[in-house]
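Okay, structure_31.pdb is below, PDB, C-alpha atoms:
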```
ATOM      1  CA  MET A   1      15.173 -10.776 -32.763
ATOM      2  CA  SER A   2      15.817  -7.596 -30.804
ATOM      3  CA  LYS A   3      14.030  -7.075 -27.517
ATOM      4  CA  GLN A   4      11.561  -4.250 -27.457
ATOM      5  CA  LYS A   5      12.013  -1.831 -24.590
ATOM      6  CA  VAL A   6       8.654  -1.024 -23.076
ATOM      7  CA  THR A   7       7.908   0.860 -19.898
ATOM      8  CA  TYR A   8       4.175   0.882 -19.253
ATOM      9  CA  MET A   9       3.834  -1.576 -16.435
ATOM     10  CA  GLN A  10       6.254  -2.395 -13.695
ATOM     11  CA  THR A  11       7.068  -6.088 -13.713
ATOM     12  CA  GLU A  12       9.711  -6.201 -11.064
ATOM     13  CA  ILE A  13      10.210  -4.543  -7.715
ATOM     14  CA  LYS A  14      13.521  -2.988  -6.749
ATOM     15  CA  HIS A  15      14.589  -1.654  -3.399
ATOM     16  CA  ARG A  16      17.912  -0.522  -2.071
ATOM     17  CA  TRP A  17      18.977   0.212   1.481
ATOM     18  CA  PHE A  18      22.234   1.201   3.096
ATOM     19  CA  TYR A  19      23.093  -0.427   6.426
ATOM     20  CA  HIS A  20      25.735   0.736   8.872
ATOM     21  CA  CYS A  21      27.487  -2.599   9.300
ATOM     22  CA  GLY A  22      29.581  -5.051   7.305
ATOM     23  CA  PRO A  23      28.113  -7.450   4.715
ATOM     24  CA  GLU A  24      28.678 -10.430   7.013
ATOM     25  CA  LEU A  25      26.035  -9.192   9.440
ATOM     26  CA  ILE A  26      23.549  -8.533   6.638
ATOM     27  CA  TRP A  27      24.283 -12.003   5.278
ATOM     28  CA  ASP A  28      23.504 -13.460   8.712
ATOM     29  CA  PHE A  29      20.233 -11.552   8.813
ATOM     30  CA  LEU A  30      19.379 -12.992   5.376
ATOM     31  CA  THR A  31      20.393 -16.587   5.958
ATOM     32  CA  LYS A  32      19.926 -17.495   9.632
ATOM     33  CA  PRO A  33      16.309 -18.435  10.433
ATOM     34  CA  GLU A  34      16.305 -16.888  13.911
ATOM     35  CA  LEU A  35      17.676 -13.581  12.588
ATOM     36  CA  LEU A  36      15.657 -13.568   9.370
ATOM     37  CA  SER A  37      12.418 -14.110  11.296
ATOM     38  CA  GLN A  38      13.043 -10.976  13.361
ATOM     39  CA  TRP A  39      12.531  -8.683  10.384
ATOM     40  CA  LEU A  40      10.924 -10.747   7.630
ATOM     41  CA  MET A  41       8.802 -13.749   8.582
ATOM     42  CA  SER A  42       9.031 -17.042  10.425
ATOM     43  CA  ASN A  43      11.058 -19.461   8.271
ATOM     44  CA  ASP A  44      13.369 -22.470   7.971
ATOM     45  CA  ILE A  45      15.886 -21.129   5.486
ATOM     46  CA  LYS A  46      19.281 -22.660   4.812
ATOM     47  CA  PRO A  47      21.712 -21.003   2.359
ATOM     48  CA  VAL A  48      22.156 -24.163   0.305
ATOM     49  CA  ILE A  49      21.270 -24.363  -3.384
ATOM     50  CA  GLY A  50      18.167 -26.480  -3.859
ATOM     51  CA  HIS A  51      17.053 -26.188  -0.228
ATOM     52  CA  GLN A  52      13.298 -25.836  -0.027
ATOM     53  CA  PHE A  53      11.833 -23.834   2.797
ATOM     54  CA  MET A  54       8.833 -21.772   3.761
ATOM     55  CA  PHE A  55       7.900 -18.444   5.186
ATOM     56  CA  LYS A  56       4.796 -18.423   7.327
ATOM     57  CA  THR A  57       2.748 -15.314   7.834
ATOM     58  CA  LYS A  58      -0.880 -14.278   8.085
ATOM     59  CA  ALA A  59      -3.227 -15.059   5.256
ATOM     60  CA  LEU A  60      -4.538 -12.380   2.918
ATOM     61  CA  PRO A  61      -7.886 -13.726   1.685
ATOM     62  CA  ALA A  62      -8.419 -10.760  -0.640
ATOM     63  CA  MET A  63      -5.202 -11.706  -2.464
ATOM     64  CA  GLU A  64      -6.108 -15.419  -2.413
ATOM     65  CA  PHE A  65      -3.028 -16.031  -0.306
ATOM     66  CA  ASP A  66      -3.074 -18.495   2.567
ATOM     67  CA  GLY A  67      -0.036 -17.094   4.372
ATOM     68  CA  ASN A  68       2.521 -19.657   3.205
ATOM     69  CA  VAL A  69       5.371 -18.688   0.899
ATOM     70  CA  TYR A  70       7.151 -21.618  -0.742
ATOM     71  CA  CYS A  71      10.779 -21.041  -1.600
ATOM     72  CA  GLU A  72      13.736 -22.825  -3.092
ATOM     73  CA  ILE A  73      17.278 -21.506  -2.984
ATOM     74  CA  LEU A  74      18.598 -20.744  -6.485
ATOM     75  CA  GLU A  75      21.903 -18.982  -5.894
ATOM     76  CA  VAL A  76      24.265 -18.579  -2.966
ATOM     77  CA  ILE A  77      27.437 -16.508  -2.986
ATOM     78  CA  PRO A  78      28.223 -15.833   0.691
ATOM     79  CA  ASN A  79      28.164 -12.167   1.697
ATOM     80  CA  TRP A  80      27.416 -11.288  -1.928
ATOM     81  CA  LYS A  81      24.302 -12.782  -3.490
ATOM     82  CA  LEU A  82      21.313 -14.843  -2.463
ATOM     83  CA  SER A  83      18.295 -15.735  -4.545
ATOM     84  CA  TYR A  84      15.269 -17.977  -4.128
ATOM     85  CA  THR A  85      11.917 -18.653  -5.674
ATOM     86  CA  TRP A  86       8.933 -17.129  -3.909
ATOM     87  CA  LYS A  87       5.628 -18.858  -4.575
ATOM     88  CA  GLY A  88       2.228 -18.713  -2.998
ATOM     89  CA  GLY A  89      -1.442 -19.436  -3.488
ATOM     90  CA  PRO A  90      -4.830 -19.807  -1.823
ATOM     91  CA  GLY A  91      -3.963 -23.135  -0.192
ATOM     92  CA  ASP A  92      -5.730 -25.511  -2.571
ATOM     93  CA  GLY A  93      -2.555 -26.475  -4.414
ATOM     94  CA  SER A  94      -2.824 -23.781  -7.066
ATOM     95  CA  ILE A  95      -0.148 -21.118  -7.390
ATOM     96  CA  ASN A  96      -1.054 -17.516  -8.190
ATOM     97  CA  LEU A  97       2.259 -15.987  -7.183
ATOM     98  CA  ASP A  98       5.363 -17.366  -8.822
ATOM     99  CA  SER A  99       8.293 -15.044  -8.468
ATOM    100  CA  ILE A 100      11.972 -14.762  -7.597
ATOM    101  CA  VAL A 101      13.662 -12.771  -4.844
ATOM    102  CA  THR A 102      17.293 -11.755  -5.362
ATOM    103  CA  TRP A 103      19.480 -10.068  -2.754
ATOM    104  CA  THR A 104      22.847  -8.574  -3.602
ATOM    105  CA  LEU A 105      25.233  -7.079  -1.042
ATOM    106  CA  GLU A 106      27.970  -4.561  -1.601
ATOM    107  CA  ALA A 107      30.402  -3.258   0.966
ATOM    108  CA  LYS A 108      30.746   0.481   0.505
ATOM    109  CA  ASP A 109      31.255   3.707   2.453
ATOM    110  CA  GLY A 110      31.955   1.787   5.660
ATOM    111  CA  GLY A 111      28.672  -0.056   5.474
ATOM    112  CA  THR A 112      26.686  -2.371   3.244
ATOM    113  CA  GLU A 113      24.376  -1.579   0.381
ATOM    114  CA  LEU A 114      21.669  -4.179   0.065
ATOM    115  CA  ASN A 115      19.761  -4.468  -3.202
ATOM    116  CA  LEU A 116      16.554  -6.376  -3.578
ATOM    117  CA  VAL A 117      14.972  -7.405  -6.851
ATOM    118  CA  HIS A 118      11.639  -9.170  -6.646
ATOM    119  CA  SER A 119      10.896 -10.349 -10.166
ATOM    120  CA  GLY A 120       9.124 -12.906 -12.285
ATOM    121  CA  PHE A 121       5.659 -11.387 -12.076
ATOM    122  CA  GLY A 122       3.889 -12.296 -15.266
ATOM    123  CA  VAL A 123       2.536 -15.053 -17.370
ATOM    124  CA  LYS A 124       4.392 -18.284 -16.848
ATOM    125  CA  THR A 125       5.063 -20.141 -20.031
ATOM    126  CA  ASN A 126       4.664 -23.866 -19.943
ATOM    127  CA  ALA A 127       7.660 -25.643 -21.451
ATOM    128  CA  LYS A 128       5.474 -28.621 -22.368
ATOM    129  CA  ILE A 129       3.341 -26.461 -24.619
ATOM    130  CA  PHE A 130       6.455 -25.303 -26.479
ATOM    131  CA  ASP A 131       7.573 -28.877 -27.022
ATOM    132  CA  ALA A 132       4.189 -29.897 -28.368
ATOM    133  CA  MET A 133       4.159 -27.191 -30.967
ATOM    134  CA  ASN A 134       5.991 -27.685 -34.180
ATOM    135  CA  GLY A 135       6.785 -25.199 -36.888
ATOM    136  CA  GLY A 136       6.037 -21.527 -36.735
ATOM    137  CA  TRP A 137       6.795 -21.205 -33.051
ATOM    138  CA  LYS A 138      10.158 -20.261 -31.656
ATOM    139  CA  LYS A 139      10.824 -19.989 -27.940
ATOM    140  CA  ASN A 140      12.304 -16.511 -28.219
ATOM    141  CA  MET A 141       9.201 -15.351 -30.046
ATOM    142  CA  ALA A 142       7.044 -16.695 -27.251
ATOM    143  CA  GLU A 143       9.173 -14.955 -24.648
ATOM    144  CA  THR A 144       8.811 -11.650 -26.479
ATOM    145  CA  LEU A 145       5.066 -12.140 -26.570
ATOM    146  CA  VAL A 146       5.067 -12.924 -22.864
ATOM    147  CA  ASP A 147       7.096  -9.756 -22.300
ATOM    148  CA  LEU A 148       4.474  -7.788 -24.190
ATOM    149  CA  ILE A 149       1.708  -9.355 -22.159
ATOM    150  CA  THR A 150       3.263  -8.590 -18.835
ATOM    151  CA  LYS A 151       4.028  -5.075 -19.894
ATOM    152  CA  ARG A 152       0.392  -4.360 -20.779
ATOM    153  CA  LEU A 153      -0.021  -2.796 -24.158
ATOM    154  CA  THR A 154      -2.628  -0.213 -23.373
ATOM    155  CA  HIS A 155      -0.833   2.510 -25.240
ATOM    156  CA  GLU A 156       0.423   2.727 -28.776
ATOM    157  CA  ALA A 157       3.449   0.459 -28.884
ATOM    158  CA  THR A 158       6.362   1.463 -31.062
ATOM    159  CA  ASP A 159       7.048  -1.637 -33.085
ATOM    160  CA  ARG A 160      10.475  -2.630 -34.234
TER     161      ARG A 160
ATOM    162  CA  MET B   1      -0.355 -10.082 -30.138
ATOM    163  CA  LEU B   2      -1.748  -7.992 -27.322
ATOM    164  CA  HIS B   3      -0.932  -4.836 -29.280
ATOM    165  CA  LEU B   4      -3.363  -5.964 -31.942
ATOM    166  CA  LEU B   5      -5.903  -7.011 -29.354
ATOM    167  CA  SER B   6      -5.725  -3.687 -27.595
ATOM    168  CA  LYS B   7      -7.271  -2.015 -30.636
ATOM    169  CA  GLU B   8     -10.190  -4.364 -31.121
ATOM    170  CA  SER B   9     -11.149  -7.937 -30.714
ATOM    171  CA  LEU B  10      -9.583 -10.109 -33.369
ATOM    172  CA  THR B  11     -10.201 -13.512 -34.761
ATOM    173  CA  ILE B  12      -7.650 -16.290 -34.432
ATOM    174  CA  ASN B  13      -7.169 -16.223 -38.198
ATOM    175  CA  ALA B  14      -6.419 -12.511 -38.214
ATOM    176  CA  LEU B  15      -3.865 -12.978 -35.440
ATOM    177  CA  ALA B  16      -2.197 -15.848 -37.293
ATOM    178  CA  VAL B  17      -1.847 -13.712 -40.417
ATOM    179  CA  ASN B  18      -0.273 -10.844 -38.464
ATOM    180  CA  PHE B  19       2.253 -13.071 -36.735
ATOM    181  CA  ASP B  20       3.066 -15.404 -39.590
ATOM    182  CA  MET B  21       2.190 -18.314 -37.370
ATOM    183  CA  THR B  22       0.093 -21.328 -38.038
ATOM    184  CA  ARG B  23      -3.440 -21.151 -36.756
ATOM    185  CA  PRO B  24      -2.906 -24.040 -34.274
ATOM    186  CA  ALA B  25       0.179 -22.263 -32.894
ATOM    187  CA  VAL B  26      -1.838 -19.112 -32.284
ATOM    188  CA  SER B  27      -4.615 -21.136 -30.666
ATOM    189  CA  LYS B  28      -2.183 -22.712 -28.229
ATOM    190  CA  HIS B  29      -0.769 -19.355 -27.282
ATOM    191  CA  ILE B  30      -4.244 -17.922 -26.834
ATOM    192  CA  LYS B  31      -4.912 -20.769 -24.387
ATOM    193  CA  ILE B  32      -1.994 -19.668 -22.204
ATOM    194  CA  LEU B  33      -3.146 -16.058 -22.215
ATOM    195  CA  TYR B  34      -6.737 -17.068 -21.535
ATOM    196  CA  GLY B  35      -5.703 -19.364 -18.675
ATOM    197  CA  ALA B  36      -3.750 -16.521 -17.108
ATOM    198  CA  GLY B  37      -6.749 -14.203 -17.344
ATOM    199  CA  PHE B  38      -5.274 -11.776 -19.859
ATOM    200  CA  ILE B  39      -7.753 -12.280 -22.666
ATOM    201  CA  SER B  40     -11.382 -13.191 -23.091
ATOM    202  CA  ILE B  41     -12.696 -15.371 -25.881
ATOM    203  CA  GLN B  42     -16.032 -15.139 -27.608
ATOM    204  CA  ASP B  43     -17.386 -17.381 -30.307
ATOM    205  CA  ILE B  44     -19.200 -15.227 -32.839
ATOM    206  CA  GLY B  45     -20.692 -17.296 -35.596
ATOM    207  CA  ARG B  46     -17.988 -19.678 -36.710
ATOM    208  CA  GLU B  47     -15.165 -17.394 -35.666
ATOM    209  CA  ARG B  48     -13.383 -17.220 -32.322
ATOM    210  CA  HIS B  49     -12.756 -13.627 -31.201
ATOM    211  CA  CYS B  50     -10.171 -12.614 -28.592
ATOM    212  CA  ALA B  51     -10.075  -9.370 -26.653
ATOM    213  CA  LEU B  52      -8.021  -8.010 -23.759
ATOM    214  CA  ASP B  53      -9.282  -8.874 -20.329
ATOM    215  CA  GLN B  54      -8.102  -6.699 -17.494
ATOM    216  CA  LYS B  55      -8.441  -9.372 -14.810
ATOM    217  CA  GLY B  56      -4.997 -10.902 -15.312
ATOM    218  CA  PHE B  57      -3.320  -7.518 -15.279
ATOM    219  CA  ARG B  58      -5.165  -6.413 -12.172
ATOM    220  CA  GLU B  59      -4.088  -9.539 -10.291
ATOM    221  CA  LEU B  60      -0.455  -8.988 -11.276
ATOM    222  CA  GLN B  61      -0.544  -5.328 -10.420
ATOM    223  CA  SER B  62      -2.070  -6.008  -7.002
ATOM    224  CA  TRP B  63       0.771  -8.399  -6.108
ATOM    225  CA  ILE B  64       3.334  -5.870  -7.300
ATOM    226  CA  ASP B  65       1.752  -3.033  -5.312
ATOM    227  CA  TYR B  66       1.519  -5.230  -2.222
ATOM    228  CA  PHE B  67       5.147  -6.379  -2.281
ATOM    229  CA  ASP B  68       6.512  -2.985  -3.199
ATOM    230  CA  GLN B  69       5.262  -1.649   0.094
ATOM    231  CA  PHE B  70       5.992  -4.877   1.976
ATOM    232  CA  TRP B  71       9.713  -4.794   1.138
ATOM    233  CA  GLN B  72      10.001  -1.118   1.969
ATOM    234  CA  VAL B  73       8.682  -1.825   5.455
ATOM    235  CA  LYS B  74      10.820  -4.924   5.950
ATOM    236  CA  MET B  75      14.104  -3.392   4.826
ATOM    237  CA  LYS B  76      13.493  -0.502   7.169
ATOM    238  CA  LYS B  77      12.878  -2.935  10.026
ATOM    239  CA  LEU B  78      16.186  -4.635   9.245
ATOM    240  CA  ASP B  79      17.832  -1.238   9.560
ATOM    241  CA  GLU B  80      16.441  -0.860  13.092
ATOM    242  CA  LEU B  81      17.716  -4.314  14.061
ATOM    243  CA  VAL B  82      21.167  -3.662  12.604
ATOM    244  CA  ASN B  83      21.439  -0.347  14.474
ATOM    245  CA  LYS B  84      20.311  -2.022  17.686
ATOM    246  CA  GLN B  85      22.896  -4.762  17.216
ATOM    247  CA  THR B  86      25.766  -2.372  16.507
ATOM    248  CA  ARG B  87      24.773  -0.190  19.487
ATOM    249  CA  ASN B  88      24.770  -3.250  21.760
ATOM    250  CA  SER B  89      28.139  -4.510  20.541
ATOM    251  CA  LYS B  90      29.635  -1.061  21.133
ATOM    252  CA  LYS B  91      28.367  -1.122  24.720
ATOM    253  CA  THR B  92      29.940  -4.485  25.465
ATOM    254  CA  LYS B  93      33.276  -3.298  24.083
ATOM    255  CA  THR B  94      33.655  -0.383  26.560
TER     256      THR B  94
END
```

Kindly return the structure encoded in the file as C-alpha coordinates.
Amino acid sequence: MSKQKVTYMQTEIKHRWFYHCGPELIWDFLTKPELLSQWLMSNDIKPVIGHQFMFKTKALPAMEFDGNVYCEILEVIPNWKLSYTWKGGPGDGSINLDSIVTWTLEAKDGGTELNLVHSGFGVKTNAKIFDAMNGGWKKNMAETLVDLITKRLTHEATDR
Amino acid sequence: MLHLLSKESLTINALAVNFDMTRPAVSKHIKILYGAGFISIQDIGRERHCALDQKGFRELQSWIDYFDQFWQVKMKKLDELVNKQTRNSKKTKT
(Lines of atoms letter the chains of each structure in order from A and count residues from 1; the text may use other names and numbers.)
(Lines give C-alpha, C1' and ligand atoms only; values in the text may rest on other atoms or scores of the structure.)
Protein backbone atom coordinates (compact mmCIF):
# COMPACT_ATOMS: atom_id res chain seq x y z
CA MET A 1 0.00 0.00 0.00
CA SER A 2 1.54 3.31 -1.01
CA LYS A 3 1.74 6.10 1.53
CA GLN A 4 -0.36 9.11 0.78
CA LYS A 5 1.50 12.40 0.93
CA VAL A 6 -0.58 14.95 2.77
CA THR A 7 0.43 18.38 3.95
CA TYR A 8 -2.41 19.97 5.89
CA MET A 9 -1.20 19.73 9.43
CA GLN A 10 2.30 19.81 10.75
CA THR A 11 3.02 16.69 12.76
CA GLU A 12 6.66 17.18 13.49
CA ILE A 13 8.83 20.13 14.41
CA LYS A 14 12.14 20.77 12.70
CA HIS A 15 14.79 23.28 13.60
CA ARG A 16 18.30 23.79 12.39
CA TRP A 17 21.06 25.95 13.81
CA PHE A 18 24.67 26.53 12.90
CA TYR A 19 27.17 26.82 15.76
CA HIS A 20 30.69 28.19 15.54
CA CYS A 21 32.44 25.28 17.23
CA GLY A 22 33.20 21.61 16.63
CA PRO A 23 30.61 18.83 17.07
CA GLU A 24 32.33 17.61 20.24
CA LEU A 25 31.34 20.75 22.11
CA ILE A 26 27.74 20.54 20.88
CA TRP A 27 27.69 16.88 21.90
CA ASP A 28 28.84 17.90 25.39
CA PHE A 29 26.09 20.49 25.58
CA LEU A 30 23.57 17.78 24.60
CA THR A 31 24.78 15.00 26.86
CA LYS A 32 26.31 16.46 30.03
CA PRO A 33 23.66 17.36 32.63
CA GLU A 34 25.46 20.46 33.92
CA LEU A 35 25.90 21.83 30.38
CA LEU A 36 22.50 20.74 29.10
CA SER A 37 20.75 22.44 32.03
CA GLN A 38 22.34 25.78 31.12
CA TRP A 39 20.32 26.08 27.92
CA LEU A 40 17.53 23.51 28.10
CA MET A 41 16.25 22.42 31.50
CA SER A 42 17.44 20.81 34.71
CA ASN A 43 18.06 17.11 34.02
CA ASP A 44 19.90 13.87 34.80
CA ILE A 45 20.73 12.72 31.29
CA LYS A 46 23.29 10.06 30.44
CA PRO A 47 24.06 9.20 26.79
CA VAL A 48 23.39 5.49 27.28
CA ILE A 49 20.71 3.61 25.36
CA GLY A 50 17.84 2.74 27.67
CA HIS A 51 18.79 5.31 30.31
CA GLN A 52 15.69 6.92 31.75
CA PHE A 53 15.90 10.49 32.91
CA MET A 54 13.83 13.59 33.46
CA PHE A 55 13.75 17.24 32.65
CA LYS A 56 12.22 19.44 35.30
CA THR A 57 10.72 22.78 34.48
CA LYS A 58 7.75 24.91 35.47
CA ALA A 59 4.27 23.53 35.08
CA LEU A 60 1.91 24.74 32.38
CA PRO A 61 -1.58 24.13 33.80
CA ALA A 62 -3.28 25.31 30.61
CA MET A 63 -1.48 22.53 28.71
CA GLU A 64 -2.19 20.00 31.48
CA PHE A 65 1.54 19.67 31.99
CA ASP A 66 3.03 19.36 35.45
CA GLY A 67 6.55 20.43 34.50
CA ASN A 68 8.14 16.98 34.32
CA VAL A 69 9.35 15.53 31.03
CA TYR A 70 10.04 11.79 31.10
CA CYS A 71 12.67 10.58 28.69
CA GLU A 72 14.43 7.42 27.65
CA ILE A 73 17.49 7.34 25.43
CA LEU A 74 16.77 5.58 22.12
CA GLU A 75 19.88 6.18 20.03
CA VAL A 76 23.42 7.31 20.72
CA ILE A 77 26.10 7.86 18.09
CA PRO A 78 28.68 10.13 19.74
CA ASN A 79 29.12 13.53 18.08
CA TRP A 80 26.58 12.47 15.46
CA LYS A 81 23.12 11.48 16.67
CA LEU A 82 21.14 11.43 19.87
CA SER A 83 17.48 10.60 20.32
CA TYR A 84 15.15 10.09 23.25
CA THR A 85 11.49 9.82 24.04
CA TRP A 86 9.85 12.94 25.45
CA LYS A 87 6.71 12.32 27.46
CA GLY A 88 4.63 14.41 29.79
CA GLY A 89 1.26 14.79 31.43
CA PRO A 90 -0.75 16.52 34.14
CA GLY A 91 0.87 14.57 36.97
CA ASP A 92 -1.86 12.01 37.65
CA GLY A 93 -0.11 9.22 35.77
CA SER A 94 -1.75 9.93 32.43
CA ILE A 95 0.33 10.93 29.43
CA ASN A 96 -0.89 13.57 26.98
CA LEU A 97 2.44 14.21 25.31
CA ASP A 98 4.24 11.23 23.85
CA SER A 99 6.90 12.26 21.40
CA ILE A 100 10.49 11.75 20.29
CA VAL A 101 13.35 14.23 20.12
CA THR A 102 16.16 13.54 17.65
CA TRP A 103 19.38 15.55 17.39
CA THR A 104 21.78 15.14 14.51
CA LEU A 105 25.14 16.91 14.25
CA GLU A 106 27.16 17.65 11.16
CA ALA A 107 30.56 19.26 11.01
CA LYS A 108 30.58 21.77 8.19
CA ASP A 109 32.00 25.16 7.19
CA GLY A 110 34.29 25.20 10.23
CA GLY A 111 31.42 24.76 12.62
CA THR A 112 28.58 22.40 13.45
CA GLU A 113 25.11 22.20 12.02
CA LEU A 114 22.66 20.92 14.58
CA ASN A 115 19.33 19.53 13.41
CA LEU A 116 16.41 18.90 15.69
CA VAL A 117 13.36 16.84 14.86
CA HIS A 118 10.65 16.68 17.48
CA SER A 119 8.18 14.09 16.23
CA GLY A 120 5.59 11.54 17.20
CA PHE A 121 2.73 13.96 17.79
CA GLY A 122 -0.44 12.10 17.01
CA VAL A 123 -2.67 9.27 17.94
CA LYS A 124 -0.78 6.45 19.59
CA THR A 125 -1.86 3.06 18.42
CA ASN A 126 -2.11 0.37 21.01
CA ALA A 127 -0.33 -2.80 19.94
CA LYS A 128 -2.65 -4.88 22.13
CA ILE A 129 -5.66 -3.75 20.15
CA PHE A 130 -4.00 -4.90 16.93
CA ASP A 131 -3.29 -8.31 18.40
CA ALA A 132 -6.87 -8.73 19.55
CA MET A 133 -8.28 -8.06 16.14
CA ASN A 134 -8.40 -10.79 13.61
CA GLY A 135 -9.17 -10.62 9.93
CA GLY A 136 -9.76 -7.46 7.99
CA TRP A 137 -7.19 -5.45 9.88
CA LYS A 138 -3.60 -5.06 8.82
CA LYS A 139 -1.09 -3.03 10.80
CA ASN A 140 -0.01 -0.99 7.80
CA MET A 141 -3.62 -0.08 7.13
CA ALA A 142 -3.98 1.12 10.70
CA GLU A 143 -0.82 3.19 10.42
CA THR A 144 -2.12 4.85 7.26
CA LEU A 145 -5.35 5.65 9.04
CA VAL A 146 -3.41 7.07 11.96
CA ASP A 147 -1.41 9.16 9.48
CA LEU A 148 -4.65 10.50 8.07
CA ILE A 149 -5.93 11.31 11.52
CA THR A 150 -2.88 13.20 12.57
CA LYS A 151 -2.81 15.08 9.32
CA ARG A 152 -6.38 16.34 9.78
CA LEU A 153 -8.52 15.83 6.74
CA THR A 154 -10.35 19.10 6.67
CA HIS A 155 -9.82 19.59 2.98
CA GLU A 156 -10.61 17.41 0.02
CA ALA A 157 -8.07 14.62 0.16
CA THR A 158 -6.73 13.24 -3.09
CA ASP A 159 -7.18 9.52 -2.72
CA ARG A 160 -4.85 7.01 -4.23
CA MET B 1 -11.86 7.06 7.62
CA LEU B 2 -11.59 10.66 8.69
CA HIS B 3 -11.95 11.76 5.07
CA LEU B 4 -15.41 10.23 5.04
CA LEU B 5 -16.21 11.67 8.44
CA SER B 6 -15.17 15.13 7.40
CA LYS B 7 -18.09 15.26 4.98
CA GLU B 8 -20.81 14.14 7.35
CA SER B 9 -21.38 11.93 10.28
CA LEU B 10 -21.41 8.29 9.30
CA THR B 11 -22.64 5.11 10.81
CA ILE B 12 -20.26 2.31 11.75
CA ASN B 13 -21.83 0.15 9.05
CA ALA B 14 -21.23 2.75 6.37
CA LEU B 15 -17.60 3.07 7.44
CA ALA B 16 -17.12 -0.70 7.37
CA VAL B 17 -18.48 -0.88 3.83
CA ASN B 18 -16.14 1.89 2.63
CA PHE B 19 -13.06 0.29 4.15
CA ASP B 20 -13.84 -3.34 3.44
CA MET B 21 -13.40 -4.08 7.10
CA THR B 22 -15.51 -6.08 9.45
CA ARG B 23 -17.85 -4.08 11.61
CA PRO B 24 -16.06 -5.12 14.86
CA ALA B 25 -12.73 -4.01 13.37
CA VAL B 26 -14.16 -0.59 12.58
CA SER B 27 -15.66 -0.35 16.06
CA LYS B 28 -12.30 -1.03 17.66
CA HIS B 29 -10.63 1.61 15.56
CA ILE B 30 -13.37 4.10 16.36
CA LYS B 31 -12.63 3.46 20.05
CA ILE B 32 -9.01 4.55 19.58
CA LEU B 33 -10.03 7.70 17.74
CA TYR B 34 -12.73 8.47 20.30
CA GLY B 35 -10.32 7.93 23.21
CA ALA B 36 -7.87 10.34 21.62
CA GLY B 37 -10.57 12.97 21.21
CA PHE B 38 -10.65 12.99 17.42
CA ILE B 39 -14.23 11.87 16.92
CA SER B 40 -17.53 12.13 18.71
CA ILE B 41 -20.09 9.35 18.81
CA GLN B 42 -23.84 9.68 18.90
CA ASP B 43 -26.39 6.92 19.12
CA ILE B 44 -29.28 7.79 16.83
CA GLY B 45 -31.97 5.17 16.96
CA ARG B 46 -30.23 1.84 16.65
CA GLU B 47 -27.30 3.25 14.72
CA ARG B 48 -24.03 4.63 16.07
CA HIS B 49 -22.95 7.80 14.25
CA CYS B 50 -19.39 9.17 14.25
CA ALA B 51 -18.32 12.69 13.41
CA LEU B 52 -15.07 14.65 13.60
CA ASP B 53 -14.34 16.28 16.90
CA GLN B 54 -11.87 19.12 16.88
CA LYS B 55 -10.73 18.64 20.48
CA GLY B 56 -8.04 16.06 19.72
CA PHE B 57 -6.63 18.13 16.90
CA ARG B 58 -6.59 21.29 18.98
CA GLU B 59 -4.65 19.56 21.76
CA LEU B 60 -2.08 18.25 19.28
CA GLN B 61 -1.74 21.57 17.54
CA SER B 62 -1.25 23.41 20.83
CA TRP B 63 1.66 21.13 21.78
CA ILE B 64 3.20 21.59 18.34
CA ASP B 65 2.86 25.38 18.48
CA TYR B 66 4.31 25.45 21.99
CA PHE B 67 7.38 23.35 21.20
CA ASP B 68 8.03 25.01 17.88
CA GLN B 69 8.67 28.25 19.69
CA PHE B 70 10.31 26.56 22.68
CA TRP B 71 13.04 24.94 20.56
CA GLN B 72 13.68 28.14 18.64
CA VAL B 73 14.39 29.93 21.91
CA LYS B 74 16.50 27.11 23.33
CA MET B 75 18.70 26.60 20.28
CA LYS B 76 19.38 30.31 20.22
CA LYS B 77 20.37 30.20 23.88
CA LEU B 78 22.80 27.38 23.11
CA ASP B 79 24.33 29.63 20.47
CA GLU B 80 24.99 32.31 23.11
CA LEU B 81 26.62 29.76 25.42
CA VAL B 82 28.79 28.34 22.64
CA ASN B 83 29.97 31.83 21.64
CA LYS B 84 30.71 32.66 25.27
CA GLN B 85 32.69 29.45 25.65
CA THR B 86 34.74 29.96 22.49
CA ARG B 87 35.43 33.60 23.45
CA ASN B 88 36.65 32.49 26.89
CA SER B 89 38.89 29.74 25.52
CA LYS B 90 40.45 32.23 23.10
CA LYS B 91 41.24 34.57 26.00
CA THR B 92 43.01 31.87 27.98
CA LYS B 93 45.11 30.93 24.96
CA THR B 94 46.71 34.41 24.57

>> Could you tell me which residues of chain B sit within 8 Å of chain A when counting only C-alpha atoms, and give me the result as a ChimeraX atom specification?
In response: /B:1-3,6,20-22,25,28,32-33,36,38,57,60,62-64,67-68,71-72,74-79,81-83,86

>> Which residues, named as in the file, does the PyMOL selection byres ((chain A and resi 60) around 12) pick out? Answer as a list of chain:residue names.
In response: A:Lys56, A:Thr57, A:Lys58, A:Ala59, A:Pro61, A:Ala62, A:Met63, A:Glu64, A:Phe65, A:Asp66, A:Gly67, A:Asn68, A:Val69, A:Gly88, A:Gly89, A:Pro90, A:Gly91, B:Trp63, B:Tyr66

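Note that the spacing between CA of Gly37 in chain B and CA of Val17 in chain B amounts to 23.6 Å.
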
>> Residue by residue, what does the PyMOL selection byres ((chain B and resi 47) around 10) grab here? Present the result as a ChimeraX atom specification.
In response: /B:10-13,42-46,48-50

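CA of Ser27 in chain B is positioned 11.6 Å from CA of Ala14 in chain B.
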
> In Å to one decimal, how far is CA of Trp86 in chain A from CA of Ser40 in chain B?
Replying inline: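 These two atoms are separated by 28.2 Å.
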
> Using the chain letters and numbers from the file, which residues does the PyMOL selection byres ((chain A and resi 72) around 12) grab, as a ChimeraX atom specification?
Replying inline: /A:44-55,69-71,73-76,82-87,98-102
